Amino acid sequence: MDIYKQIQLLKTGFQRQFWVANIMELFERLAYYGQAAVLSIFLRDHLKFDEFEAGKISSIFGGLIYFLPIFAGALADKYGFRKSFTFAFFILAIGYFLVGAIGLYNFSDIVEKEYLFWTVAVVLIFTAIGGSFIKPAVLGTVSKTTTSESKSLGYAIYYMLVNVGGALGPLIAFLVRDSIGISYVYFVSAISCVLMFISTLIFYKEPGGSEDAPGGLLKEKIINLVYVLKNFRFIIFLLIFSLYWIMFWQIFIIIPYYIRDFISKDVPFELVESTGAWSIIFLQVVVNRLTSKIKPIDAITLGFTLSIFTWLIIWANPTLWVIVPALVIFAIGEMTQAPRYYEYIANLAPKGQIGLFQGYAFLPIAMGWVFGGTFGGYIY
């Protein structure tokens with residue numbers, strides 16, 4: 001596809017709500033990755049959990065925020081994407097505020113560790129319930145507001161904007177942590193979600209015509225959840241792909257510990273974590289253009305392979321000057337497979353079940369967090 005045609009697609013291939021939803025997703029990712037960048041260090045160095053305990057808490061939060069979209073996707077199809085966005089940002093704002101408050105008042109000095117563990121876990125579970133509605137609503141909007149010709153580019157733009165948030169979030173987190181304290185990172189995430197709650201009420205309209213309108217019996221939506229589970233090959237595909245996300249989440253679990261403990265406490269680990277996101281911002285559209293003719297499943301396999309080599313490179317020489325370029329290679333693998341992965345899932349979804357299938361698309365990310373957080377902390 002030549003550059004002129006891509007420019008024309010940018011002008012005519014997307015409905016207005018495509019851009020509204022993706023801008024809101026950018027700010028939600030800014031909030032998420034900002035707090036995710038400091039979560040391991042916040043739990044270990046500020047709340048005084050050990051690496052294994054911190055890994056378990058990370059697993060609970062990260063696992064749920066990506067596992068619950070399976071159910072949230074069914075509810076989004078039932079009640080609509082606008083209500084899903086509204087609910088999600090409202091809950092996220094409260095949840096991030098409460099986490100920041102726990103850190104600000106240093107509960108670790110006055111509450112027994114066992115009670116502190118479950119206090120933090122419950123607040124993060126509450127937060128994850130809200131966050132789980134974002135992805136099905138955004139990806140459902142992308143699917144409904146693009147044409148067959150612009151769909152691949154639409155998912156590439158979505159993924160690029162996700163990574164704008166993924167890059168700016170850690171940068172802001174570093175500036176906030178360095179200037180006023182790590183707990184305030186969560187207050188910044190809360191403010192971002194409040195702004196998006198207001199934006200949803202003002203700017204977002206439910207996309208699609210009457211044939212795509214939300215509705216149907218909730219019982220029917222729940223039955224569809226079970227229906228997807230009967231697609232054995234699809235579920236096996238998702239379980240295999242979860243291995244990729246076990247690798248990915250170590251960037252936020254192991255690398256911050258390693259940098260502070262074995263390289264230097266003065267190195268801004270948040271910025272190292274955001275290497276991949278910055279790479280995707282500048283290279284995503286180029287990589288999408290180079291790989292647009294490749295079948296989605298082949299692009300997924302190629303991206304997976306590149307990401308495997310990243311960790312072999314880091315293992316061979318785990319210095320800062322190797323970790324950073326290795327994460328760029330990981331990002332190239334990620335940007336090769338991720339947009340095509342969502343395109344692949346969207347193409348599998350029957351009519352009226354887009355949100356449901358896009359919810360299942362996050363099962364591998366959830367599995368990666370569930371096993372990656374606990375396992376990574378234990379191995380470290």
# chains A, B, ... in the order shown; residues from 1 in each chain; ligands from 1

call {"tool": "residues_around", "arguments": {"residues": "range 250-265 of chain A", "least_positions_apart": "2", "cutoff": "9 Å", "atoms": "only C-alpha atoms", "output": "PyMOL selection string"}}
result
chain A and resi 36-41+51+55+58+245-248+267-270+272-273+319-320+323+327+372-373+376-377+380

call {"tool": "residues_around", "arguments": {"residues": "Gly276 in chain A", "least_positions_apart": "4", "cutoff": "9 Å", "atoms": "only C-alpha atoms", "output": "ChimeraX atom specification"}}
result
/A:163,166-167,272,280-281,324,327-332,334

call {"tool": "write_last_selection", "arguments": {"atoms": "C-alpha atoms", "output": "compact mmCIF listing (two decimals), in the first residue's frame"}}
result
# COMPACT_ATOMS: atom_id res chain seq x y z
CA ASN A 163 2.17 2.82 23.31
CA GLY A 166 2.83 3.35 27.53
CA ALA A 167 5.76 5.69 26.88
CA VAL A 272 14.17 1.76 30.68
CA ILE A 280 6.60 1.33 18.84
CA ILE A 281 5.61 5.00 18.60
CA VAL A 324 18.02 -1.11 26.29
CA LEU A 327 14.15 -4.15 24.45
CA VAL A 328 14.03 -2.34 21.10
CA ILE A 329 14.28 -5.74 19.38
CA PHE A 330 11.54 -7.06 21.66
CA ALA A 331 9.38 -4.10 20.64
CA ILE A 332 9.90 -4.84 16.94
CA GLU A 334 5.70 -6.93 19.57

call {"tool": "atom_distance", "arguments": {"atom1": "CA of Lys230 in chain A", "atom2": "CA of Tyr66 in chain A"}}
result
20.6 Å

call {"tool": "closest_residue", "arguments": {"among": "A:Leu75, A:Asp298, A:Leu9, A:Ala137", "to": "Thr200 in chain A", "atoms": "only C-alpha atoms"}}
result
A:Ala137

call {"tool": "closest_atom_pairs", "arguments": {"of": "range 230-333 of chain A", "to": "range 144-161 of chain A", "cutoff": "9 Å", "atoms": "only C-alpha atoms", "output": "tab-separated table"}}
result
residue	atom	partner	partner_atom	distance
A:Ala277	CA	A:Met160	CA	8.3
A:Ile280	CA	A:Met160	CA	6.2
A:Ile281	CA	A:Met160	CA	5.4
A:Phe282	CA	A:Met160	CA	8.5
A:Leu283	CA	A:Met160	CA	8.7
A:Gln284	CA	A:Met160	CA	6.1
A:Val285	CA	A:Ala156	CA	6.6
A:Asn288	CA	A:Ala156	CA	6.6
A:Arg289	CA	A:Leu153	CA	8.6
A:Ser292	CA	A:Ser152	CA	7.6

call {"tool": "select_by_dssp", "arguments": {"residues": "range 198-317 of chain A", "states": "helix (DSSP H, G or I)", "output": "ChimeraX atom specification"}}
result
/A:198-203,210-212,218-229,232-263,269-273,275-291,296-316

call {"tool": "closest_atom_pairs", "arguments": {"of": "range 22-62 of chain A", "to": "range 172-191 of chain A", "cutoff": "8 Å", "atoms": "only C-alpha atoms", "output": "tab-separated table"}}
result
residue	atom	partner	partner_atom	distance
A:Leu30	CA	A:Ser189	CA	7.4
A:Ala31	CA	A:Ser189	CA	4.1
A:Tyr32	CA	A:Ser189	CA	6.9
A:Gly34	CA	A:Ala173	CA	5.1
A:Gln35	CA	A:Tyr186	CA	6.0
A:Ala37	CA	A:Ala173	CA	7.3
A:Val38	CA	A:Ala173	CA	7.3
A:Phe42	CA	A:Ile182	CA	6.9

call {"tool": "write_last_selection", "arguments": {"atoms": "all heavy atoms", "output": "short mmCIF file (atom, residue, chain, number, x, y, z; two decimals), in the first residue's frame"}}
result
data_model
loop_
_atom_site.label_atom_id
_atom_site.label_comp_id
_atom_site.auth_asym_id
_atom_site.auth_seq_id
_atom_site.Cartn_x
_atom_site.Cartn_y
_atom_site.Cartn_z
N LEU A 30 -1.79 5.65 29.70
CA LEU A 30 -0.88 6.52 30.44
C LEU A 30 -1.03 6.27 31.94
O LEU A 30 -0.04 6.14 32.67
CB LEU A 30 -1.17 7.98 30.10
CG LEU A 30 -0.28 9.06 30.70
CD1 LEU A 30 -0.25 10.28 29.77
CD2 LEU A 30 -0.75 9.51 32.09
N ALA A 31 -2.29 6.18 32.38
CA ALA A 31 -2.55 5.92 33.80
C ALA A 31 -2.06 4.53 34.20
O ALA A 31 -1.42 4.34 35.24
CB ALA A 31 -4.04 6.05 34.09
N TYR A 32 -2.37 3.53 33.35
CA TYR A 32 -2.02 2.14 33.69
C TYR A 32 -0.51 1.93 33.71
O TYR A 32 0.05 1.40 34.68
CB TYR A 32 -2.67 1.17 32.71
CG TYR A 32 -2.26 -0.26 32.97
CD1 TYR A 32 -2.87 -1.00 33.98
CD2 TYR A 32 -1.24 -0.87 32.23
CE1 TYR A 32 -2.48 -2.30 34.25
CE2 TYR A 32 -0.85 -2.17 32.49
CZ TYR A 32 -1.47 -2.88 33.49
OH TYR A 32 -1.07 -4.17 33.76
N GLY A 34 1.85 4.13 33.84
CA GLY A 34 2.51 4.95 34.84
C GLY A 34 2.60 4.25 36.17
O GLY A 34 3.67 4.16 36.79
N GLN A 35 1.48 3.69 36.62
CA GLN A 35 1.50 2.97 37.90
C GLN A 35 2.19 1.61 37.77
O GLN A 35 2.85 1.16 38.70
CB GLN A 35 0.08 2.83 38.45
CG GLN A 35 -0.89 2.00 37.62
CD GLN A 35 -0.76 0.51 37.84
OE1 GLN A 35 -0.42 0.07 38.94
NE2 GLN A 35 -1.01 -0.26 36.81
N ALA A 37 4.74 0.93 35.96
CA ALA A 37 6.19 1.13 35.93
C ALA A 37 6.80 1.15 37.32
O ALA A 37 7.96 0.76 37.51
CB ALA A 37 6.51 2.44 35.20
N VAL A 38 6.03 1.58 38.31
CA VAL A 38 6.57 1.68 39.68
C VAL A 38 5.99 0.63 40.61
O VAL A 38 6.37 0.56 41.78
CB VAL A 38 6.30 3.09 40.27
CG1 VAL A 38 6.91 4.17 39.40
CG2 VAL A 38 4.80 3.34 40.46
N PHE A 42 7.19 0.00 44.27
CA PHE A 42 6.24 0.51 45.25
C PHE A 42 5.90 -0.56 46.29
O PHE A 42 5.90 -0.30 47.50
CB PHE A 42 4.97 0.98 44.54
CG PHE A 42 3.86 1.44 45.45
CD1 PHE A 42 3.91 2.67 46.07
CD2 PHE A 42 2.75 0.63 45.67
CE1 PHE A 42 2.88 3.11 46.91
CE2 PHE A 42 1.72 1.05 46.50
CZ PHE A 42 1.78 2.29 47.12
#

call {"tool": "residues_around", "arguments": {"residues": "Leu68 in chain A", "least_positions_apart": "5", "cutoff": "10 Å", "atoms": "only C-alpha atoms", "output": "ChimeraX atom specification"}}
result
/A:63,73,128-133,359-360,362-363,366

call {"tool": "closest_residue", "arguments": {"among": "A:Phe61, A:Phe52, A:Phe14, A:Phe371", "to": "Val120 in chain A", "atoms": "only C-alpha atoms"}}
result
A:Phe61

call {"tool": "closest_residue", "arguments": {"among": "A:Ser199, A:Ser59, A:Asn317, A:Thr127", "to": "Ala21 in chain A", "atoms": "only C-alpha atoms"}}
result
A:Ser199

call {"tool": "atom_distance", "arguments": {"atom1": "CA of Lys135 in chain A", "atom2": "CA of Leu271 in chain A"}}
result
24.6 Å

call {"tool": "closest_residue", "arguments": {"among": "A:Val164, A:Ile294, A:Ile314, A:Ile300", "to": "Leu26 in chain A", "atoms": "only C-alpha atoms"}}
result
A:Val164

call {"tool": "atom_distance", "arguments": {"atom1": "CA of Arg82 in chain A", "atom2": "CA of Ser143 in chain A"}}
result
14.9 Å

call {"tool": "closest_residue", "arguments": {"among": "A:Thr310, A:Thr374, A:Ser84, A:Ser242", "to": "Thr141 in chain A", "atoms": "only C-alpha atoms"}}
result
A:Ser84

call {"tool": "residues_around", "arguments": {"residues": "Ile297 in chain A", "least_positions_apart": "2", "cutoff": "8 Å", "atoms": "only C-alpha atoms", "output": "PyMOL selection string"}}
result
chain A and resi 295+299-301+340-341+344

call {"tool": "write_last_selection", "arguments": {"atoms": "C-alpha atoms", "output": "mmCIF file, in the first residue's frame"}}
result
data_model
loop_
_atom_site.group_PDB
_atom_site.id
_atom_site.type_symbol
_atom_site.label_atom_id
_atom_site.label_comp_id
_atom_site.auth_asym_id
_atom_site.auth_seq_id
_atom_site.Cartn_x
_atom_site.Cartn_y
_atom_site.Cartn_z
ATOM 1 C CA LYS A 295 -0.896 -13.387 6.842
ATOM 2 C CA ALA A 299 3.092 -12.110 11.512
ATOM 3 C CA ILE A 300 2.222 -13.427 14.983
ATOM 4 C CA THR A 301 4.796 -16.223 14.683
ATOM 5 C CA ARG A 340 -2.303 -8.495 13.523
ATOM 6 C CA TYR A 341 -3.243 -10.563 16.557
ATOM 7 C CA TYR A 344 -7.022 -12.096 13.629
#

call {"tool": "decode", "arguments": {"residues": "range 113-124 of chain A", "atoms": "all heavy atoms", "output": "PDB file, in the first residue's frame"}}
result
ATOM      1  N   LYS A 113       1.536  -6.996  58.249  1.00  0.00           N
ATOM      2  CA  LYS A 113       1.788  -7.248  56.836  1.00  0.00           C
ATOM      3  C   LYS A 113       0.699  -8.097  56.195  1.00  0.00           C
ATOM      4  O   LYS A 113       0.310  -7.869  55.051  1.00  0.00           O
ATOM      5  CB  LYS A 113       3.157  -7.908  56.658  1.00  0.00           C
ATOM      6  CG  LYS A 113       3.517  -8.146  55.193  1.00  0.00           C
ATOM      7  CD  LYS A 113       4.919  -8.682  55.011  1.00  0.00           C
ATOM      8  CE  LYS A 113       5.943  -7.589  55.204  1.00  0.00           C
ATOM      9  NZ  LYS A 113       7.299  -8.039  54.804  1.00  0.00           N
ATOM     10  N   GLU A 114       0.190  -9.090  56.942  1.00  0.00           N
ATOM     11  CA  GLU A 114      -0.860  -9.953  56.383  1.00  0.00           C
ATOM     12  C   GLU A 114      -2.090  -9.138  56.013  1.00  0.00           C
ATOM     13  O   GLU A 114      -2.676  -9.316  54.940  1.00  0.00           O
ATOM     14  CB  GLU A 114      -1.237 -11.034  57.394  1.00  0.00           C
ATOM     15  CG  GLU A 114      -2.339 -11.963  56.888  1.00  0.00           C
ATOM     16  CD  GLU A 114      -2.757 -12.982  57.933  1.00  0.00           C
ATOM     17  OE1 GLU A 114      -2.109 -13.041  59.005  1.00  0.00           O
ATOM     18  OE2 GLU A 114      -3.726 -13.706  57.673  1.00  0.00           O
ATOM     19  N   TYR A 115      -2.490  -8.219  56.894  1.00  0.00           N
ATOM     20  CA  TYR A 115      -3.666  -7.398  56.608  1.00  0.00           C
ATOM     21  C   TYR A 115      -3.368  -6.370  55.515  1.00  0.00           C
ATOM     22  O   TYR A 115      -4.241  -6.054  54.700  1.00  0.00           O
ATOM     23  CB  TYR A 115      -4.137  -6.695  57.879  1.00  0.00           C
ATOM     24  CG  TYR A 115      -4.604  -7.660  58.950  1.00  0.00           C
ATOM     25  CD1 TYR A 115      -3.887  -7.814  60.138  1.00  0.00           C
ATOM     26  CD2 TYR A 115      -5.748  -8.429  58.772  1.00  0.00           C
ATOM     27  CE1 TYR A 115      -4.303  -8.705  61.119  1.00  0.00           C
ATOM     28  CE2 TYR A 115      -6.183  -9.323  59.744  1.00  0.00           C
ATOM     29  CZ  TYR A 115      -5.459  -9.458  60.918  1.00  0.00           C
ATOM     30  OH  TYR A 115      -5.872 -10.349  61.870  1.00  0.00           O
ATOM     31  N   LEU A 116      -2.142  -5.876  55.510  1.00  0.00           N
ATOM     32  CA  LEU A 116      -1.756  -4.925  54.470  1.00  0.00           C
ATOM     33  C   LEU A 116      -1.798  -5.599  53.107  1.00  0.00           C
ATOM     34  O   LEU A 116      -2.261  -5.005  52.121  1.00  0.00           O
ATOM     35  CB  LEU A 116      -0.363  -4.365  54.751  1.00  0.00           C
ATOM     36  CG  LEU A 116       0.175  -3.355  53.725  1.00  0.00           C
ATOM     37  CD1 LEU A 116      -0.700  -2.107  53.696  1.00  0.00           C
ATOM     38  CD2 LEU A 116       1.629  -2.981  54.044  1.00  0.00           C
ATOM     39  N   PHE A 117      -1.310  -6.845  53.039  1.00  0.00           N
ATOM     40  CA  PHE A 117      -1.310  -7.598  51.775  1.00  0.00           C
ATOM     41  C   PHE A 117      -2.711  -7.659  51.197  1.00  0.00           C
ATOM     42  O   PHE A 117      -2.943  -7.343  50.026  1.00  0.00           O
ATOM     43  CB  PHE A 117      -0.765  -9.015  52.022  1.00  0.00           C
ATOM     44  CG  PHE A 117      -0.748  -9.885  50.786  1.00  0.00           C
ATOM     45  CD1 PHE A 117       0.401  -9.988  50.021  1.00  0.00           C
ATOM     46  CD2 PHE A 117      -1.880 -10.589  50.389  1.00  0.00           C
ATOM     47  CE1 PHE A 117       0.424 -10.783  48.882  1.00  0.00           C
ATOM     48  CE2 PHE A 117      -1.865 -11.388  49.250  1.00  0.00           C
ATOM     49  CZ  PHE A 117      -0.710 -11.491  48.503  1.00  0.00           C
ATOM     50  N   TRP A 118      -3.698  -8.061  52.033  1.00  0.00           N
ATOM     51  CA  TRP A 118      -5.054  -8.218  51.532  1.00  0.00           C
ATOM     52  C   TRP A 118      -5.755  -6.887  51.326  1.00  0.00           C
ATOM     53  O   TRP A 118      -6.644  -6.766  50.474  1.00  0.00           O
ATOM     54  CB  TRP A 118      -5.856  -9.130  52.461  1.00  0.00           C
ATOM     55  CG  TRP A 118      -5.416 -10.554  52.319  1.00  0.00           C
ATOM     56  CD1 TRP A 118      -4.744 -11.320  53.209  1.00  0.00           C
ATOM     57  CD2 TRP A 118      -5.595 -11.364  51.149  1.00  0.00           C
ATOM     58  NE1 TRP A 118      -4.485 -12.568  52.687  1.00  0.00           N
ATOM     59  CE2 TRP A 118      -5.004 -12.630  51.428  1.00  0.00           C
ATOM     60  CE3 TRP A 118      -6.210 -11.164  49.912  1.00  0.00           C
ATOM     61  CZ2 TRP A 118      -4.999 -13.664  50.496  1.00  0.00           C
ATOM     62  CZ3 TRP A 118      -6.205 -12.206  48.985  1.00  0.00           C
ATOM     63  CH2 TRP A 118      -5.615 -13.430  49.287  1.00  0.00           C
ATOM     64  N   THR A 119      -5.349  -5.865  52.068  1.00  0.00           N
ATOM     65  CA  THR A 119      -5.904  -4.529  51.824  1.00  0.00           C
ATOM     66  C   THR A 119      -5.517  -4.035  50.439  1.00  0.00           C
ATOM     67  O   THR A 119      -6.370  -3.578  49.661  1.00  0.00           O
ATOM     68  CB  THR A 119      -5.398  -3.532  52.884  1.00  0.00           C
ATOM     69  OG1 THR A 119      -5.822  -3.956  54.179  1.00  0.00           O
ATOM     70  CG2 THR A 119      -5.949  -2.136  52.615  1.00  0.00           C
ATOM     71  N   VAL A 120      -4.229  -4.150  50.128  1.00  0.00           N
ATOM     72  CA  VAL A 120      -3.745  -3.735  48.805  1.00  0.00           C
ATOM     73  C   VAL A 120      -4.381  -4.595  47.717  1.00  0.00           C
ATOM     74  O   VAL A 120      -4.824  -4.094  46.670  1.00  0.00           O
ATOM     75  CB  VAL A 120      -2.210  -3.814  48.731  1.00  0.00           C
ATOM     76  CG1 VAL A 120      -1.718  -3.482  47.322  1.00  0.00           C
ATOM     77  CG2 VAL A 120      -1.577  -2.871  49.742  1.00  0.00           C
ATOM     78  N   ALA A 121      -4.446  -5.917  47.963  1.00  0.00           N
ATOM     79  CA  ALA A 121      -5.001  -6.839  46.971  1.00  0.00           C
ATOM     80  C   ALA A 121      -6.461  -6.515  46.667  1.00  0.00           C
ATOM     81  O   ALA A 121      -6.878  -6.483  45.502  1.00  0.00           O
ATOM     82  CB  ALA A 121      -4.853  -8.284  47.455  1.00  0.00           C
ATOM     83  N   VAL A 122      -7.260  -6.267  47.708  1.00  0.00           N
ATOM     84  CA  VAL A 122      -8.688  -5.975  47.504  1.00  0.00           C
ATOM     85  C   VAL A 122      -8.876  -4.683  46.717  1.00  0.00           C
ATOM     86  O   VAL A 122      -9.719  -4.603  45.811  1.00  0.00           O
ATOM     87  CB  VAL A 122      -9.418  -5.903  48.865  1.00  0.00           C
ATOM     88  CG1 VAL A 122     -10.814  -5.303  48.708  1.00  0.00           C
ATOM     89  CG2 VAL A 122      -9.518  -7.292  49.489  1.00  0.00           C
ATOM     90  N   VAL A 123      -8.089  -3.656  47.045  1.00  0.00           N
ATOM     91  CA  VAL A 123      -8.198  -2.388  46.310  1.00  0.00           C
ATOM     92  C   VAL A 123      -7.827  -2.584  44.845  1.00  0.00           C
ATOM     93  O   VAL A 123      -8.495  -2.057  43.941  1.00  0.00           O
ATOM     94  CB  VAL A 123      -7.296  -1.311  46.956  1.00  0.00           C
ATOM     95  CG1 VAL A 123      -7.229  -0.068  46.067  1.00  0.00           C
ATOM     96  CG2 VAL A 123      -7.823  -0.939  48.333  1.00  0.00           C
ATOM     97  N   LEU A 124      -6.786  -3.376  44.589  1.00  0.00           N
ATOM     98  CA  LEU A 124      -6.370  -3.610  43.206  1.00  0.00           C
ATOM     99  C   LEU A 124      -7.381  -4.490  42.465  1.00  0.00           C
ATOM    100  O   LEU A 124      -7.575  -4.321  41.255  1.00  0.00           O
ATOM    101  CB  LEU A 124      -4.981  -4.238  43.174  1.00  0.00           C
ATOM    102  CG  LEU A 124      -3.837  -3.285  43.543  1.00  0.00           C
ATOM    103  CD1 LEU A 124      -2.507  -4.026  43.600  1.00  0.00           C
ATOM    104  CD2 LEU A 124      -3.742  -2.126  42.550  1.00  0.00           C
TER     105      LEU A 124
END
